[in-house]
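First the structure, in the form of structure tokens, and then the observations on it.
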Amino acid sequence: LWLKERTSAVPFSQYGCCHNLVSRVMPRQRAAPKHGKRSGKVEKQARVVFKPPSDCDQLCAFFRGTGADIEGRTLEQILTWSDQLMEVCHDYIQWIFPTDEQSRFNFDAPILDEDCQQTFKFDPDMRRNFRRSSQRFLQFLGLSADLVDRQDADALRIERAPNFQQRLLMCWRGPANHNWKRVSRALRCFRLVGMEEEQQALLACLVGIVVDYPGMIDEDAVGRWLNEACPKSHLNHEMTRGFVATILSSPSLFA
């Protein structure tokens with residue numbers, strides 16, 4: 001009855017659960033001291049301070065195969081996803097292509113700082129798994145490349161796969177296809193982890209798509225691709241009318 005009178009005027013939702021209700025109405029009492037001789041000394045208990053892993057630690061574990069992303073998904077699990085799942089899920093791309101910028105769409109996404117960039121450049125396990133995830137993403141886009149088993153002496157080419165036409169609607173056509181931003185992220189990530197050859201191969205493939213499908217991709221998206229990959233590009237292209245019209249009309253060309 002006393003508990004009912006104390007709580008009748010307060011909405012139950014304010015407390016959240018029965019445990020919190022009782023603890024607020026009836027505060028916990030201090031335990032009575034045990035009988036016996038007291039030494040007079042106060043024993044200090046060691047405080048354990050939890051230090052969460054850094055973004056670099058999480059990324060290294062993720063690409064080494066010893067950790068998972070913020071949702072508990074391992075890289076091996078993501079590599080087995082279907083194209084449909086890769087399309088509708090929006091919080092994995094920041095893990096397989098991390099960058100040095102905070103994501104505007106996934107606030108839990110890790111940031112690829114300078115220390116982690118250097119680790120990527122010299123850790124063979126991380127580089128191999130990064131190539132595996134990159135190759136899977138290219139397959140999702142309808143592109144083909146041998147990023148994993150290629151020998152260093154072999155020229156790298158990223159080309160349109162036989163199913164490219166079937167991937168146009170989902171991955172390439174607008175308006176405002178979110179995969180355009182994913183490609184921008186991939187271009188930036190390739191540079192940050194020291195894989196400029198892969199970056200330039202992807203850029204060459206993208207330019208070919210822009211030329212062969214004029215008007216399919218927004219100028220802003222093309223401008224972002226150029227900004228990410230053209231400063232160190234030595235790419236040569238046939239100056240077709242479609243290429244010139246698309247590239248020169250981009251407001252970001254000389255940004």
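Here's how to read the names in the structure tokens: chain A, B, ... by the order shown, residue numbers from 1 in each chain, ligand numbers from 1 in the order shown.
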
(request) From range 64-153 of chain A, collect each residue whose DSSP state is helix (DSSP H, G or I) and return the set as a ChimeraX atom specification. (result) /A:64,75-79,83-88,93-96,114-122,124-141

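Summary of the local environment: counting only C-alpha atoms, residues at most 6 Å from Phe97 in chain A, other than itself and those fewer than 2 positions away along its chain, are Ile93, Gln94, Trp95, Ala186 and Cys189 of chain A.
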
(message) For Pro98 in chain A, find every residue with an atom within 10 Å (counting only C-alpha atoms), except residues of its own chain fewer than 3 positions away, and show them as a list in words.
(response)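 Near neighbours after the sequence-gap exclusion: Leu59, Tyr92, Ile93, Gln94, Trp95, Glu101, Gln102, Ser103, Ala109, Pro110, Ile111, Leu112, Asp113, Gln117, Arg185, Ala186, Arg188, Cys189, Phe190, Leu192 and Val193 of chain A.
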
(request) Find the distance between CA of Asp149 in chain A and CA of Trp225 in chain A and write it in Å to one decimal. (result)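 According to the coordinates, CA of Asp149 in chain A and CA of Trp225 in chain A are separated by 26.4 Å.
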
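As for CA of Arg136 in chain A and CA of Gln58 in chain A, they are spaced 21.0 Å apart.
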
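CA of Arg191 in chain A sits 8.4 Å away from CA of Glu228 in chain A.
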
(message) Taking only C-alpha atoms into account, name the residue in A:Lys121, A:Ile217, A:Asp83, A:Val48 that is nearest to Pro175 in chain A.
(response) A:Ile217

(request) Could you give me the residues within range 15-223 of chain A that DSSP places in strand (DSSP E or B), as a list in words? (result)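 Put together, the selection reads Leu143, Ser144, Glu159 and Arg160 of chain A.
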
I'd like the neighbourhood of Leu168 in chain A as a PDB file with all heavy atoms, in the first residue's frame, where a residue qualifies if any of its atoms comes within 12 Å (using only C-alpha atoms), though same-chain residues fewer than 4 positions away should be ignored.
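Resulting contents of out14.pdb:
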ATOM      1  N   PHE A 140      30.339  -7.046 -57.750  1.00  0.00           N
ATOM      2  CA  PHE A 140      29.010  -6.485 -57.493  1.00  0.00           C
ATOM      3  C   PHE A 140      28.663  -5.420 -58.526  1.00  0.00           C
ATOM      4  O   PHE A 140      27.504  -5.321 -58.971  1.00  0.00           O
ATOM      5  CB  PHE A 140      28.968  -5.911 -56.079  1.00  0.00           C
ATOM      6  CG  PHE A 140      27.862  -4.941 -55.828  1.00  0.00           C
ATOM      7  CD1 PHE A 140      26.565  -5.392 -55.606  1.00  0.00           C
ATOM      8  CD2 PHE A 140      28.108  -3.572 -55.798  1.00  0.00           C
ATOM      9  CE1 PHE A 140      25.537  -4.493 -55.366  1.00  0.00           C
ATOM     10  CE2 PHE A 140      27.080  -2.676 -55.565  1.00  0.00           C
ATOM     11  CZ  PHE A 140      25.796  -3.130 -55.352  1.00  0.00           C
ATOM     12  N   LEU A 141      29.623  -4.622 -58.923  1.00  0.00           N
ATOM     13  CA  LEU A 141      29.400  -3.563 -59.904  1.00  0.00           C
ATOM     14  C   LEU A 141      29.293  -4.082 -61.332  1.00  0.00           C
ATOM     15  O   LEU A 141      28.949  -3.316 -62.241  1.00  0.00           O
ATOM     16  CB  LEU A 141      30.530  -2.530 -59.840  1.00  0.00           C
ATOM     17  CG  LEU A 141      30.661  -1.728 -58.547  1.00  0.00           C
ATOM     18  CD1 LEU A 141      31.904  -0.847 -58.608  1.00  0.00           C
ATOM     19  CD2 LEU A 141      29.413  -0.893 -58.284  1.00  0.00           C
ATOM     20  N   GLY A 142      29.594  -5.350 -61.551  1.00  0.00           N
ATOM     21  CA  GLY A 142      29.608  -5.879 -62.904  1.00  0.00           C
ATOM     22  C   GLY A 142      30.943  -5.676 -63.590  1.00  0.00           C
ATOM     23  O   GLY A 142      31.015  -5.611 -64.820  1.00  0.00           O
ATOM     24  N   LEU A 143      32.013  -5.592 -62.797  1.00  0.00           N
ATOM     25  CA  LEU A 143      33.365  -5.414 -63.321  1.00  0.00           C
ATOM     26  C   LEU A 143      34.188  -6.655 -62.989  1.00  0.00           C
ATOM     27  O   LEU A 143      33.835  -7.433 -62.100  1.00  0.00           O
ATOM     28  CB  LEU A 143      34.019  -4.167 -62.730  1.00  0.00           C
ATOM     29  CG  LEU A 143      33.244  -2.860 -62.875  1.00  0.00           C
ATOM     30  CD1 LEU A 143      33.987  -1.713 -62.205  1.00  0.00           C
ATOM     31  CD2 LEU A 143      32.955  -2.547 -64.332  1.00  0.00           C
ATOM     32  N   ARG A 160      34.877  -4.346 -67.853  1.00  0.00           N
ATOM     33  CA  ARG A 160      33.473  -4.690 -67.685  1.00  0.00           C
ATOM     34  C   ARG A 160      33.293  -6.200 -67.841  1.00  0.00           C
ATOM     35  O   ARG A 160      33.774  -6.791 -68.793  1.00  0.00           O
ATOM     36  CB  ARG A 160      32.615  -3.948 -68.705  1.00  0.00           C
ATOM     37  CG  ARG A 160      32.366  -2.491 -68.348  1.00  0.00           C
ATOM     38  CD  ARG A 160      31.793  -1.713 -69.508  1.00  0.00           C
ATOM     39  NE  ARG A 160      32.834  -0.958 -70.196  1.00  0.00           N
ATOM     40  CZ  ARG A 160      32.618  -0.131 -71.218  1.00  0.00           C
ATOM     41  NH1 ARG A 160      31.380   0.031 -71.674  1.00  0.00           N
ATOM     42  NH2 ARG A 160      33.614   0.513 -71.792  1.00  0.00           N
ATOM     43  N   ALA A 161      32.584  -6.789 -66.885  1.00  0.00           N
ATOM     44  CA  ALA A 161      32.345  -8.229 -66.908  1.00  0.00           C
ATOM     45  C   ALA A 161      31.216  -8.558 -67.888  1.00  0.00           C
ATOM     46  O   ALA A 161      30.474  -7.664 -68.326  1.00  0.00           O
ATOM     47  CB  ALA A 161      31.980  -8.718 -65.500  1.00  0.00           C
ATOM     48  N   PRO A 162      31.066  -9.830 -68.254  1.00  0.00           N
ATOM     49  CA  PRO A 162      29.987 -10.214 -69.176  1.00  0.00           C
ATOM     50  C   PRO A 162      28.592  -9.840 -68.674  1.00  0.00           C
ATOM     51  O   PRO A 162      27.681  -9.643 -69.483  1.00  0.00           O
ATOM     52  CB  PRO A 162      30.147 -11.737 -69.285  1.00  0.00           C
ATOM     53  CG  PRO A 162      31.598 -11.983 -69.007  1.00  0.00           C
ATOM     54  CD  PRO A 162      31.978 -10.969 -67.990  1.00  0.00           C
ATOM     55  N   ASN A 163      28.411  -9.733 -67.350  1.00  0.00           N
ATOM     56  CA  ASN A 163      27.091  -9.398 -66.817  1.00  0.00           C
ATOM     57  C   ASN A 163      26.937  -7.903 -66.553  1.00  0.00           C
ATOM     58  O   ASN A 163      26.025  -7.494 -65.812  1.00  0.00           O
ATOM     59  CB  ASN A 163      26.838 -10.168 -65.522  1.00  0.00           C
ATOM     60  CG  ASN A 163      27.747  -9.717 -64.384  1.00  0.00           C
ATOM     61  OD1 ASN A 163      28.861  -9.237 -64.624  1.00  0.00           O
ATOM     62  ND2 ASN A 163      27.284  -9.870 -63.153  1.00  0.00           N
ATOM     63  N   PHE A 164      27.792  -7.081 -67.150  1.00  0.00           N
ATOM     64  CA  PHE A 164      27.748  -5.648 -66.879  1.00  0.00           C
ATOM     65  C   PHE A 164      26.392  -5.047 -67.246  1.00  0.00           C
ATOM     66  O   PHE A 164      25.852  -4.210 -66.516  1.00  0.00           O
ATOM     67  CB  PHE A 164      28.867  -4.927 -67.639  1.00  0.00           C
ATOM     68  CG  PHE A 164      28.885  -3.438 -67.425  1.00  0.00           C
ATOM     69  CD1 PHE A 164      29.372  -2.904 -66.245  1.00  0.00           C
ATOM     70  CD2 PHE A 164      28.393  -2.582 -68.399  1.00  0.00           C
ATOM     71  CE1 PHE A 164      29.376  -1.528 -66.040  1.00  0.00           C
ATOM     72  CE2 PHE A 164      28.398  -1.209 -68.202  1.00  0.00           C
ATOM     73  CZ  PHE A 164      28.889  -0.679 -67.021  1.00  0.00           C
ATOM     74  N   TRP A 172      24.509   1.483 -61.705  1.00  0.00           N
ATOM     75  CA  TRP A 172      25.065   2.581 -62.484  1.00  0.00           C
ATOM     76  C   TRP A 172      24.059   3.658 -62.873  1.00  0.00           C
ATOM     77  O   TRP A 172      24.416   4.835 -62.897  1.00  0.00           O
ATOM     78  CB  TRP A 172      25.748   2.033 -63.744  1.00  0.00           C
ATOM     79  CG  TRP A 172      26.891   1.130 -63.432  1.00  0.00           C
ATOM     80  CD1 TRP A 172      26.888  -0.228 -63.426  1.00  0.00           C
ATOM     81  CD2 TRP A 172      28.209   1.522 -63.045  1.00  0.00           C
ATOM     82  NE1 TRP A 172      28.117  -0.720 -63.072  1.00  0.00           N
ATOM     83  CE2 TRP A 172      28.955   0.338 -62.833  1.00  0.00           C
ATOM     84  CE3 TRP A 172      28.841   2.754 -62.861  1.00  0.00           C
ATOM     85  CZ2 TRP A 172      30.295   0.361 -62.444  1.00  0.00           C
ATOM     86  CZ3 TRP A 172      30.170   2.775 -62.474  1.00  0.00           C
ATOM     87  CH2 TRP A 172      30.885   1.585 -62.272  1.00  0.00           C
ATOM     88  N   ARG A 173      22.860   3.287 -63.204  1.00  0.00           N
ATOM     89  CA  ARG A 173      21.908   4.277 -63.687  1.00  0.00           C
ATOM     90  C   ARG A 173      21.400   5.152 -62.540  1.00  0.00           C
ATOM     91  O   ARG A 173      21.234   4.698 -61.412  1.00  0.00           O
ATOM     92  CB  ARG A 173      20.728   3.606 -64.391  1.00  0.00           C
ATOM     93  CG  ARG A 173      21.124   2.898 -65.677  1.00  0.00           C
ATOM     94  CD  ARG A 173      19.915   2.546 -66.524  1.00  0.00           C
ATOM     95  NE  ARG A 173      20.290   1.785 -67.709  1.00  0.00           N
ATOM     96  CZ  ARG A 173      20.764   2.323 -68.830  1.00  0.00           C
ATOM     97  NH1 ARG A 173      20.909   3.639 -68.903  1.00  0.00           N
ATOM     98  NH2 ARG A 173      21.088   1.568 -69.861  1.00  0.00           N
ATOM     99  N   GLY A 174      21.130   6.420 -62.882  1.00  0.00           N
ATOM    100  CA  GLY A 174      20.607   7.365 -61.923  1.00  0.00           C
ATOM    101  C   GLY A 174      19.096   7.369 -61.907  1.00  0.00           C
ATOM    102  O   GLY A 174      18.458   6.441 -62.414  1.00  0.00           O
ATOM    103  N   ASN A 177      22.351   7.595 -57.985  1.00  0.00           N
ATOM    104  CA  ASN A 177      22.630   6.224 -57.567  1.00  0.00           C
ATOM    105  C   ASN A 177      23.678   6.244 -56.451  1.00  0.00           C
ATOM    106  O   ASN A 177      24.755   6.824 -56.602  1.00  0.00           O
ATOM    107  CB  ASN A 177      23.138   5.409 -58.759  1.00  0.00           C
ATOM    108  CG  ASN A 177      23.124   3.925 -58.502  1.00  0.00           C
ATOM    109  OD1 ASN A 177      23.582   3.452 -57.479  1.00  0.00           O
ATOM    110  ND2 ASN A 177      22.597   3.170 -59.450  1.00  0.00           N
ATOM    111  N   ASN A 179      25.609   4.069 -55.455  1.00  0.00           N
ATOM    112  CA  ASN A 179      26.851   3.368 -55.781  1.00  0.00           C
ATOM    113  C   ASN A 179      27.894   4.288 -56.401  1.00  0.00           C
ATOM    114  O   ASN A 179      29.085   3.963 -56.387  1.00  0.00           O
ATOM    115  CB  ASN A 179      26.559   2.193 -56.714  1.00  0.00           C
ATOM    116  CG  ASN A 179      25.870   1.050 -55.997  1.00  0.00           C
ATOM    117  OD1 ASN A 179      26.389   0.502 -55.027  1.00  0.00           O
ATOM    118  ND2 ASN A 179      24.676   0.691 -56.453  1.00  0.00           N
ATOM    119  N   TRP A 180      27.481   5.420 -56.931  1.00  0.00           N
ATOM    120  CA  TRP A 180      28.461   6.394 -57.407  1.00  0.00           C
ATOM    121  C   TRP A 180      29.335   6.874 -56.250  1.00  0.00           C
ATOM    122  O   TRP A 180      30.552   7.027 -56.393  1.00  0.00           O
ATOM    123  CB  TRP A 180      27.758   7.588 -58.049  1.00  0.00           C
ATOM    124  CG  TRP A 180      26.910   7.253 -59.237  1.00  0.00           C
ATOM    125  CD1 TRP A 180      26.971   6.118 -59.996  1.00  0.00           C
ATOM    126  CD2 TRP A 180      25.870   8.058 -59.791  1.00  0.00           C
ATOM    127  NE1 TRP A 180      26.024   6.163 -60.993  1.00  0.00           N
ATOM    128  CE2 TRP A 180      25.336   7.342 -60.887  1.00  0.00           C
ATOM    129  CE3 TRP A 180      25.330   9.297 -59.475  1.00  0.00           C
ATOM    130  CZ2 TRP A 180      24.290   7.840 -61.668  1.00  0.00           C
ATOM    131  CZ3 TRP A 180      24.291   9.802 -60.242  1.00  0.00           C
ATOM    132  CH2 TRP A 180      23.793   9.080 -61.332  1.00  0.00           C
ATOM    133  N   ILE A 209      33.338   3.785 -69.176  1.00  0.00           N
ATOM    134  CA  ILE A 209      31.896   3.692 -68.982  1.00  0.00           C
ATOM    135  C   ILE A 209      31.234   5.045 -69.227  1.00  0.00           C
ATOM    136  O   ILE A 209      30.178   5.138 -69.867  1.00  0.00           O
ATOM    137  CB  ILE A 209      31.583   3.183 -67.560  1.00  0.00           C
ATOM    138  CG1 ILE A 209      32.086   1.749 -67.384  1.00  0.00           C
ATOM    139  CG2 ILE A 209      30.091   3.264 -67.268  1.00  0.00           C
ATOM    140  CD1 ILE A 209      31.986   1.227 -65.962  1.00  0.00           C
ATOM    141  N   TYR A 213      28.497   5.510 -72.217  1.00  0.00           N
ATOM    142  CA  TYR A 213      27.128   5.719 -71.744  1.00  0.00           C
ATOM    143  C   TYR A 213      26.950   7.187 -71.368  1.00  0.00           C
ATOM    144  O   TYR A 213      26.775   7.520 -70.197  1.00  0.00           O
ATOM    145  CB  TYR A 213      26.810   4.820 -70.550  1.00  0.00           C
ATOM    146  CG  TYR A 213      26.845   3.352 -70.861  1.00  0.00           C
ATOM    147  CD1 TYR A 213      28.043   2.634 -70.781  1.00  0.00           C
ATOM    148  CD2 TYR A 213      25.691   2.663 -71.236  1.00  0.00           C
ATOM    149  CE1 TYR A 213      28.086   1.272 -71.067  1.00  0.00           C
ATOM    150  CE2 TYR A 213      25.724   1.308 -71.529  1.00  0.00           C
ATOM    151  CZ  TYR A 213      26.931   0.622 -71.441  1.00  0.00           C
ATOM    152  OH  TYR A 213      26.968  -0.726 -71.727  1.00  0.00           O
ATOM    153  N   MET A 216      24.512   8.946 -68.472  1.00  0.00           N
ATOM    154  CA  MET A 216      24.019   7.972 -67.503  1.00  0.00           C
ATOM    155  C   MET A 216      24.436   8.350 -66.079  1.00  0.00           C
ATOM    156  O   MET A 216      23.680   8.141 -65.121  1.00  0.00           O
ATOM    157  CB  MET A 216      24.532   6.568 -67.845  1.00  0.00           C
ATOM    158  CG  MET A 216      24.050   5.492 -66.882  1.00  0.00           C
ATOM    159  SD  MET A 216      24.559   3.811 -67.341  1.00  0.00           S
ATOM    160  CE  MET A 216      26.342   3.906 -67.066  1.00  0.00           C
ATOM    161  N   ILE A 217      25.620   8.916 -65.925  1.00  0.00           N
ATOM    162  CA  ILE A 217      26.168   9.244 -64.600  1.00  0.00           C
ATOM    163  C   ILE A 217      26.232  10.758 -64.466  1.00  0.00           C
ATOM    164  O   ILE A 217      26.691  11.460 -65.375  1.00  0.00           O
ATOM    165  CB  ILE A 217      27.566   8.614 -64.424  1.00  0.00           C
ATOM    166  CG1 ILE A 217      27.472   7.091 -64.578  1.00  0.00           C
ATOM    167  CG2 ILE A 217      28.150   8.979 -63.065  1.00  0.00           C
ATOM    168  CD1 ILE A 217      28.802   6.393 -64.611  1.00  0.00           C
TER     169      ILE A 217
END

(request) Find the spatial neighbours of range 203-206 of chain A, counting only C-alpha atoms, within a cut-off of 7 Å - ignore same-chain residues fewer than 6 positions away - and output them as an MDAnalysis selection string. (result) chainID A and resid 158:159 229

(request) Can you pull out every residue within 10 Å of Lys181 in chain A, counting only C-alpha atoms, but drop anything in the same chain fewer than 6 positions away, and send it as a VMD selection string? (result) chain A and resid 187 221 224 to 225

Would you mind exporting the chosen residues as a compact mmCIF listing (two decimals), in the first residue's frame, restricted to C-alpha atoms?
# COMPACT_ATOMS: atom_id res chain seq x y z
CA LEU A 187 39.04 5.44 -55.30
CA ALA A 221 29.77 12.05 -59.55
CA ARG A 224 34.29 13.45 -57.56
CA TRP A 225 35.97 10.53 -59.32

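If only C-alpha atoms are the atoms counted, then among A:Gln139, A:Asp146, A:Ile78, A:Cys60 the closest residue to Phe122 in chain A is A:Cys60.
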